[in-house]
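**Student:** Mind looking over this structure? Questions follow.
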Protein chains: 2
Amino acid sequence: MLEEGPAKAGPAVRRPANGAPTVHDVARHAGVSSMTVSRVLSGAVHVRPELRSRVEASIEALGYRRNENARSIRPGQRTGLIGVAITNIANPYYAEVLLGIEEVAGQSDRRILVGNSGEDSAREAQLIRDFVGRQVEGLVVVPAGGDAAHLTRAARGPIPLVLASRSMPGVEADVVLVDDVAGARAGTLRLLDAGHRRIAFLGNIPSVSTAVRRYEGFRLAHAERGLTPDDALVRMGQQDAAAARTAMTELLDLAQPPTAVFTSNNRNTIGALRALLERAADPPLPLVGFDNFDLSDLVPYPLTIIDHDARELGRTAARLLMARLVDPDAPPRTLAVPTTVLG
Amino acid sequence: MLEEGPAKAGPAVRRPANGAPTVHDVARHAGVSSMTVSRVLSGAVHVRPELRSRVEASIEALGYRRNENARSIRPGQRTGLIGVAITNIANPYYAEVLLGIEEVAGQSDRRILVGNSGEDSAREAQLIRDFVGRQVEGLVVVPAGGDAAHLTRAARGPIPLVLASRSMPGVEADVVLVDDVAGARAGTLRLLDAGHRRIAFLGNIPSVSTAVRRYEGFRLAHAERGLTPDDALVRMGQQDAAAARTAMTELLDLAQPPTAVFTSNNRNTIGALRALLERAADPPLPLVGFDNFDLSDLVPYPLTIIDHDARELGRTAARLLMARLVDPDAPPRTLAVPTTVLG
DNA sequence: TTGTACGCGTTATCAG
DNA sequence: CTGATAACGCGTACAA
C-alpha cells in the first residue's frame with residue numbers, strides 16, 4: 001500500500017463526519033497502538049505505567065470518549081441500557097417509580113431509555129420494539145393492560161422483562177406489585193368497623209390488574225364481616241379525576257346514597273374529593289383512598305390514605321431485573337410492596 | 001481456510017451469544033443478499049416487489065429487529081437518542097417537563113435517555129459524559145447550577161445542548177425559560193396593590209438562575225411602586241419544602257413579621273403553606289406562589305398561583321433541539337414560556 | 001507487555 | 001435491480 005498520493009492532508013486523519021476522536025486518534029497521539037489505548041480504557045491491566053499515563057494524557061488532550069455503541073456490538077459486551085415504558089410519566093406516582101428505577105440502574109452505571117405509553121397498549125408495543133432494536137439489556141414496564149402479545153417471550157426475544165405495579169395474565173416475567181388486596185382490605189375494614197354498611201367503590205378499568213385486586217380486598221373485608229358489597233355503589237372504569245368526579249356525583253344522587261367511600265387509586269380519590277367538597281354533605285362522608293398524593297394531609301376533608309413507597313417499588317423492579325440479568329434461568333418471582341394506612 | 005474441523009454444528013449459523021438474528025440470517029432465509037435486506041429495511045427503494053415481500057416474510061418469520069447500535073456506527077447515521085439530565089424527576093413539575101420532551105422526541109421517533117442529577121453538578125457532569133459516549137444527538141439539561149465546565153462546547157464536543165427552566169451564564173446553548181421576571185412582578189403587584197408593605201420572599205439558592213430572576217421581578221414590582229423590599233424578609237436557599245417551612249416559621253417569629261408572602265417555587269410554597277397553616281394567623285397572610293401544584297385549589301388557604309405550562313416548556317426545549325439538529329450553526333435562541341396568575 | 005489481524009452488524013459504493 | 005466488498009469504532013485471540 002502506501003500509495004504516495006496527494007500527500008497534502010498531513011497525517012491523513014479522517015474524521016468520521018462526526019469529528020469525534022477514536023481510539024486510533026488517541027493511539028497515534030500517544031505513539032502507541034490502538035490496543036494499548038483499549039486496554040487502558042478497560043481498566044489498565046497489564047500496561048506499563050509510563051504508556052498508561054501517556055495514553056491518559058492523550059485521552060484528555062483530545063477529549064476522547066469511548067463510543068459505547070460501537071463497543072456494544074462486540075459479542076459479550078453489554079449496552080448498559082434498560083428500557084422503561086410507563087403509562088404516564090407525569091403522574092407523580094409513576095414519576096416516583098421511575099426515579100427508583102433510575103437510582104438502582106445508575107448504581108451499576110446503567111442508563112434508562114424512557115417511553116410514555118399513555119395507557120395505550122399499541123404505543124407500548126411500539127416502544128418495546130424500539131427498545132429491543134436498541135439492544136437494551138432488560139425492560140421494566142408498567143403495562144397499559146389490554147393486548148399483551150408484545151410482552152410475550154416470542155415478541156421480545158431473550159430480553160428479560162419486569163412488570164411494575166400491574167401484572168399481566170399469561171406473561172412470563174418478574175413482577176412487583178403493591179400489596180393491593182391487604183391494603184384495600186385494611187382500608188375497607190376501617191369503614192366497616194366504624195359502622196358503615198353502604199360503602200361506594202370507585203376504581204380503574206377492570207383490565208388493569210390493580211383495579212381487580214383492590215376490589216378483591218374490598219370484597220374480602222365485607223365477607224369477613226358477613227357482608228356483601230352493594231353492586232349499585234360500585235363504579236369501575238374511571239381513568240382520570242374528571243371521570244371519577246362525575247361518577248361520585250352520580251352516586252351521591254342515588255335514592256339511597258353511600259355513607260362512605262373507598263377509592264382505589266389517587267385519580268379516583270382526587271375526583272371523588274372534588275365532588276364531595278362540592279356537595280359539602282354534613283357530616284362529610286368518610287373517604288378512604290388507595291395511593292398517596294402530595295398535600296393529602298392539607299386537604300380539608302376526613303381522609304384516610306392507603307399509602308406505599310412508590311420509589312421503593314421502582315427500586316425493587318430494577319433490582320429484580322438486575323438479578324435476572326445475573327441468572328436468566330431462575331424461576332420468575334412476584335414481589336409485593338407493603339401498604340400503610342395513614343390518617 | 002475451510003479446515004474441515006468437527007463439522008457437527010450444521011449450517012454453521014453462529015449466533016452472537018445473543019441469539020438475535022442478523023441481516024445475514026434474514027438474507028439466507030429469503031435467498032437474497034444482505035444488501036437487499038438492508039434496502040428493504042431502509043424504505044424498500046429499488047427492490048423488486050417479489051423480493052421485497054419475500055424479505056418481509058423472512059423478517060417476520062425470524063422475528064428480526066435491526067440492531068440500531070451497529071447501524072449507528074456507520075458514518076452519517078444518527079442514533080435517534082436524546083440525553084436528558086433533570087435535577088429531580090420525582091418533582092411533578094419536572095416530570096411534566098420530561099413528558100413534554102418525550103412527546104416531541106417521539107414524534108421523530110427519537111428516544112430519551114434519562115438521568116437524575118439530584119441538584120448535583122458533579123453527577124450532572126457524569127451523566128453528560130455518559131450520554132456523549134452513547135452518541136446522543138443532543139442534550140436537554142435542567143442545570144443543577146454551580147460549576148458549568150461540563151456544559152461547555154469543549155466538554156460536550158459538537159453535541160447541541162438546550163437548557164430547560166434555568167439558564168447558565170457563560171454556556172453557549174439554546175434556552176427555554178419561564179417568563180420569571182414578568183410572572184414574579186405580576187404576583188408581587190397583587191400583594192402591593194392590596195396594601196401590603198411587608199412582603200416576605202422565599203426562594204431557591206441564588207446559583208439557580210430562576211431564583212435570581214424571580215427575585216428580580218419581586219424587586220421590580222416594589223420599585224414600580226416606589227418601594228424597596230425589606231432584606232430582613234428575604235430568605236433564599238431553601239431547596240426543599242422542609243427548609244422552606246423552617247424559614248417561614250422564623251419569619252413569623254420576627255418582631256416585625258411580614259403581612260404577606262411571596263414564594264418563588266412550589267417547594268417553597270408548600271413549605272410556607274405548612275408553616276402558615278400551623279400558625280393559623282387570623283386573618284391569614286395572603287400567599288402568592290410561583291409554579292402550580294396538584295390540588296392547589298383545594299388547599300384551605302388564600303392562595304394565588306403564578307402558573308405556567310410545564311409540559312409546553314418541555315416541548316419547546318425539545319423543539320429547539322430538533323431545530324438545532326437541522327441547523328447547527330444558527331445563533332442560539334432563548335425562549336420564554338408565559339405565566340398566568342390564578343386565584 | 002505490546003501489537004496485528006479479524007470480526008461484531010450494518011450500509012455506502014460500485015460493479016454487474 | 002442486485003450483490004460483493006469494504007469500512008464504521010472497538011475488543012478478543014493470538015503472535016511477537
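Ordering of the C-alpha cells sets the chain letters (A, B, ...), residue numbers begin anew at 1 in every chain, and ligands are numbered from 1 in the order given.
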Taking only C-alpha atoms (C1' of nucleotides) into account, which residues of chain D are within 9 Å of chain B, as a PyMOL selection string?
**Tutor:** chain D and resi 1-3+7-9
**Student:** Given identical sequences, what C-alpha RMSD separates chain A from chain B after least-squares superposition over all Cα in order?
**Tutor:** 0.6 Å
**Student:** Excluding Leu113 of chain B and any residue of its chain fewer than 6 positions from it, enumerate the residues within 10 Å of it, using only C-alpha atoms (C1' of nucleotides), and give them as a list in words.
**Tutor:**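 Those residues are Leu81, Ile82, Gly83, Arg111, Ile112, Leu113, Val114 and Gly115 of chain A; Leu81, Ile82, Gly83, Val84, Ala85, Glu102, Leu127, Phe131, Arg134, Val136 and Leu139 of chain B.
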**Student:** Keeping only N, CA and C atoms, take the residues you just selected and write them out as a PDB file, in the first residue's frame.
**Tutor:**
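Once everything was written out, this is out12.pdb:
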```
ATOM      1  N   LEU A  81     -28.044  -0.515  28.942  1.00  0.00           N
ATOM      2  CA  LEU A  81     -29.291   0.206  28.677  1.00  0.00           C
ATOM      3  C   LEU A  81     -30.483  -0.583  29.197  1.00  0.00           C
ATOM      4  N   ILE A  82     -31.385   0.093  29.898  1.00  0.00           N
ATOM      5  CA  ILE A  82     -32.630  -0.506  30.357  1.00  0.00           C
ATOM      6  C   ILE A  82     -33.778   0.268  29.723  1.00  0.00           C
ATOM      7  N   GLY A  83     -34.701  -0.447  29.122  1.00  0.00           N
ATOM      8  CA  GLY A  83     -35.867   0.216  28.536  1.00  0.00           C
ATOM      9  C   GLY A  83     -36.995   0.294  29.547  1.00  0.00           C
ATOM     10  N   ARG A 111     -28.045   3.090  32.128  1.00  0.00           N
ATOM     11  CA  ARG A 111     -28.885   4.235  31.830  1.00  0.00           C
ATOM     12  C   ARG A 111     -30.265   3.750  31.411  1.00  0.00           C
ATOM     13  N   ILE A 112     -31.293   4.580  31.616  1.00  0.00           N
ATOM     14  CA  ILE A 112     -32.640   4.163  31.241  1.00  0.00           C
ATOM     15  C   ILE A 112     -33.148   4.919  30.016  1.00  0.00           C
ATOM     16  N   LEU A 113     -33.721   4.144  29.105  1.00  0.00           N
ATOM     17  CA  LEU A 113     -34.422   4.699  27.955  1.00  0.00           C
ATOM     18  C   LEU A 113     -35.888   4.778  28.356  1.00  0.00           C
ATOM     19  N   VAL A 114     -36.487   5.946  28.280  1.00  0.00           N
ATOM     20  CA  VAL A 114     -37.825   6.109  28.821  1.00  0.00           C
ATOM     21  C   VAL A 114     -38.853   6.413  27.739  1.00  0.00           C
ATOM     22  N   GLY A 115     -39.948   5.701  27.791  1.00  0.00           N
ATOM     23  CA  GLY A 115     -41.046   5.978  26.870  1.00  0.00           C
ATOM     24  C   GLY A 115     -42.361   6.062  27.610  1.00  0.00           C
TER      25      GLY A 115
ATOM     26  N   LEU B  81     -31.114   9.261  19.610  1.00  0.00           N
ATOM     27  CA  LEU B  81     -31.075   9.301  21.078  1.00  0.00           C
ATOM     28  C   LEU B  81     -30.896  10.743  21.558  1.00  0.00           C
ATOM     29  N   ILE B  82     -31.687  11.112  22.542  1.00  0.00           N
ATOM     30  CA  ILE B  82     -31.560  12.425  23.176  1.00  0.00           C
ATOM     31  C   ILE B  82     -31.245  12.194  24.651  1.00  0.00           C
ATOM     32  N   GLY B  83     -30.221  12.852  25.147  1.00  0.00           N
ATOM     33  CA  GLY B  83     -29.888  12.723  26.562  1.00  0.00           C
ATOM     34  C   GLY B  83     -30.593  13.800  27.370  1.00  0.00           C
ATOM     35  N   VAL B  84     -31.248  13.387  28.447  1.00  0.00           N
ATOM     36  CA  VAL B  84     -31.974  14.344  29.285  1.00  0.00           C
ATOM     37  C   VAL B  84     -31.479  14.227  30.727  1.00  0.00           C
ATOM     38  N   ALA B  85     -30.943  15.303  31.263  1.00  0.00           N
ATOM     39  CA  ALA B  85     -30.500  15.323  32.660  1.00  0.00           C
ATOM     40  C   ALA B  85     -31.386  16.291  33.431  1.00  0.00           C
ATOM     41  N   GLU B 102     -40.355  14.066  25.958  1.00  0.00           N
ATOM     42  CA  GLU B 102     -40.574  12.737  25.394  1.00  0.00           C
ATOM     43  C   GLU B 102     -41.554  12.791  24.231  1.00  0.00           C
ATOM     44  N   LEU B 127     -23.332  12.259  34.088  1.00  0.00           N
ATOM     45  CA  LEU B 127     -24.408  11.867  33.180  1.00  0.00           C
ATOM     46  C   LEU B 127     -24.112  12.327  31.764  1.00  0.00           C
ATOM     47  N   PHE B 131     -23.791  10.226  28.351  1.00  0.00           N
ATOM     48  CA  PHE B 131     -24.654  10.477  27.193  1.00  0.00           C
ATOM     49  C   PHE B 131     -23.822  10.681  25.931  1.00  0.00           C
ATOM     50  N   ARG B 134     -22.591   7.588  24.533  1.00  0.00           N
ATOM     51  CA  ARG B 134     -23.646   6.808  23.884  1.00  0.00           C
ATOM     52  C   ARG B 134     -24.123   7.462  22.603  1.00  0.00           C
ATOM     53  N   VAL B 136     -25.465  10.358  21.854  1.00  0.00           N
ATOM     54  CA  VAL B 136     -26.740  11.077  21.739  1.00  0.00           C
ATOM     55  C   VAL B 136     -26.612  12.174  20.696  1.00  0.00           C
ATOM     56  N   LEU B 139     -28.637  17.138  23.771  1.00  0.00           N
ATOM     57  CA  LEU B 139     -28.845  17.102  25.217  1.00  0.00           C
ATOM     58  C   LEU B 139     -29.888  18.126  25.634  1.00  0.00           C
TER      59      LEU B 139
END
```
**Student:** List every residue of chain C that has an atom at most 10 Å from any atom of chain B, giving for each one its closest atom pair and the distance in Å to one decimal, counting only C-alpha atoms (C1' of nucleotides), sorted by chain and then by ascending residue number, as JSON lines.
**Tutor:**
```
{"residue": "C:DC8", "atom": "C1'", "partner": "B:Pro16", "partner_atom": "CA", "distance": 8.0}
{"residue": "C:DG9", "atom": "C1'", "partner": "B:Ala70", "partner_atom": "CA", "distance": 5.3}
{"residue": "C:DT10", "atom": "C1'", "partner": "B:Arg71", "partner_atom": "CA", "distance": 4.9}
{"residue": "C:DT11", "atom": "C1'", "partner": "B:Arg74", "partner_atom": "CA", "distance": 7.2}
{"residue": "C:DA12", "atom": "C1'", "partner": "B:Arg74", "partner_atom": "CA", "distance": 9.3}
```
**Student:** When you look at segment 226-239 of chain A with a cut-off of 6 Å (counting only C-alpha atoms (C1' of nucleotides)), what residues show up, excluding the ones that are within fewer than 2 positions of it in the same chain? I need them as a count of residues only.
**Tutor:** 11
